[in-house]
Amino acid sequence: MAAKTNFDDNIFFVNTIVKTLKAGISLDIDPEYFREKMVEDILFVDSSLSRIYAALKENEHLIKRAEYLRNLARAKRIYADFLTDVLEGNLTFSANLDGYFSKFRASRSENLADVQEIHHLLDRPGHPEAEQEDIISHEEYKYLLEDDEQAAEE
């Protein structure tokens, strides 16, 4: 692990990748060009979120740990919602990824379990991280990561 981990930027970047993946998978693109890259990026996001979470669990004395955990829980929720869209066929390219659905289901379950674990950790009575409130709600965070197209249309 690096001497200094920039959790805010790392989590933001992973969310940006998820946003880009969702936009790409919503397109009617050719699977022979993009399937492997999409799968690689989805698995990269999963791995990155897991590694960030492991680093945060390991470093209990980090000054802004509660904030990072909240942001990570939101990122994991956004990623799990994205996987749900893929698995339910809500995105145009989803059918081209069906060979990976079992892996995606396992990833979604693991990330949702992590979200619950993070909430449990933050809600523990007497724990210093339990005293702080969410700064941005899940809905507000999703809104901030929506496509810029909506803003451009207005």
# chains A, B, ... in the order shown; residues from 1 in each chain; ligands from 1

$ residues_around --residues "range 107-112 of chain A" --least-positions-apart "2" --cutoff "10 Å" --atoms "only C-alpha atoms" --output "PyMOL selection string"
chain A and resi 42-43+46-47+49-50+73+75-84+87+101-105+114-118

$ closest_residue --among "A:Val39, A:Val45, A:Ile63, A:Leu121" --to "Asn96 in chain A" --atoms "only C-alpha atoms"
A:Val39

$ atom_distance --atom1 "CA of Phe12 in chain A" --atom2 "CA of Tyr33 in chain A"
27.1 Å

$ closest_residue --among "A:Leu21, A:Leu27, A:Leu122, A:Asp41" --to "Glu60 in chain A" --atoms "only C-alpha atoms"
A:Leu122

$ residues_around --residues "Gly24 in chain A" --least-positions-apart "3" --cutoff "12 Å" --atoms "only C-alpha atoms" --output "PDB file with C-alpha atoms, in the first residue's frame"
ATOM      1  CA  ILE A  17     -15.674   4.399 -14.141  1.00  0.00           C
ATOM      2  CA  VAL A  18     -19.061   2.958 -13.135  1.00  0.00           C
ATOM      3  CA  LYS A  19     -20.796   5.974 -14.682  1.00  0.00           C
ATOM      4  CA  THR A  20     -18.841   5.497 -17.911  1.00  0.00           C
ATOM      5  CA  LEU A  21     -19.541   1.756 -17.943  1.00  0.00           C
ATOM      6  CA  LEU A  27     -25.312   1.894 -26.149  1.00  0.00           C
ATOM      7  CA  ASP A  28     -25.879  -0.539 -28.996  1.00  0.00           C
ATOM      8  CA  ILE A  29     -22.166  -1.210 -29.528  1.00  0.00           C
ATOM      9  CA  ASP A  30     -20.562  -4.235 -31.180  1.00  0.00           C
ATOM     10  CA  PRO A  31     -19.732  -6.968 -28.657  1.00  0.00           C
ATOM     11  CA  PHE A  34     -16.100  -4.120 -26.490  1.00  0.00           C
ATOM     12  CA  ARG A  35     -17.244  -7.204 -24.511  1.00  0.00           C
ATOM     13  CA  LYS A  37     -13.090  -4.475 -22.158  1.00  0.00           C
ATOM     14  CA  MET A  38     -16.469  -4.087 -20.446  1.00  0.00           C
ATOM     15  CA  VAL A  39     -15.961  -7.263 -18.427  1.00  0.00           C
ATOM     16  CA  ASP A  41     -13.543  -2.842 -16.361  1.00  0.00           C
ATOM     17  CA  ILE A  42     -16.429  -4.275 -14.323  1.00  0.00           C
ATOM     18  CA  PHE A  82     -25.292  -0.941 -11.867  1.00  0.00           C
ATOM     19  CA  VAL A  86     -26.857  -5.399 -16.111  1.00  0.00           C
ATOM     20  CA  LEU A  91     -29.058  -1.917 -20.403  1.00  0.00           C
ATOM     21  CA  THR A  92     -28.720  -2.508 -24.146  1.00  0.00           C
ATOM     22  CA  PHE A  93     -25.395  -4.377 -24.002  1.00  0.00           C
ATOM     23  CA  SER A  94     -26.383  -6.575 -21.029  1.00  0.00           C
ATOM     24  CA  ASP A 147     -24.905  11.856 -17.079  1.00  0.00           C
TER      25      ASP A 147
END

$ atom_distance --atom1 "CA of Ser48 in chain A" --atom2 "CA of Val14 in chain A"
7.5 Å
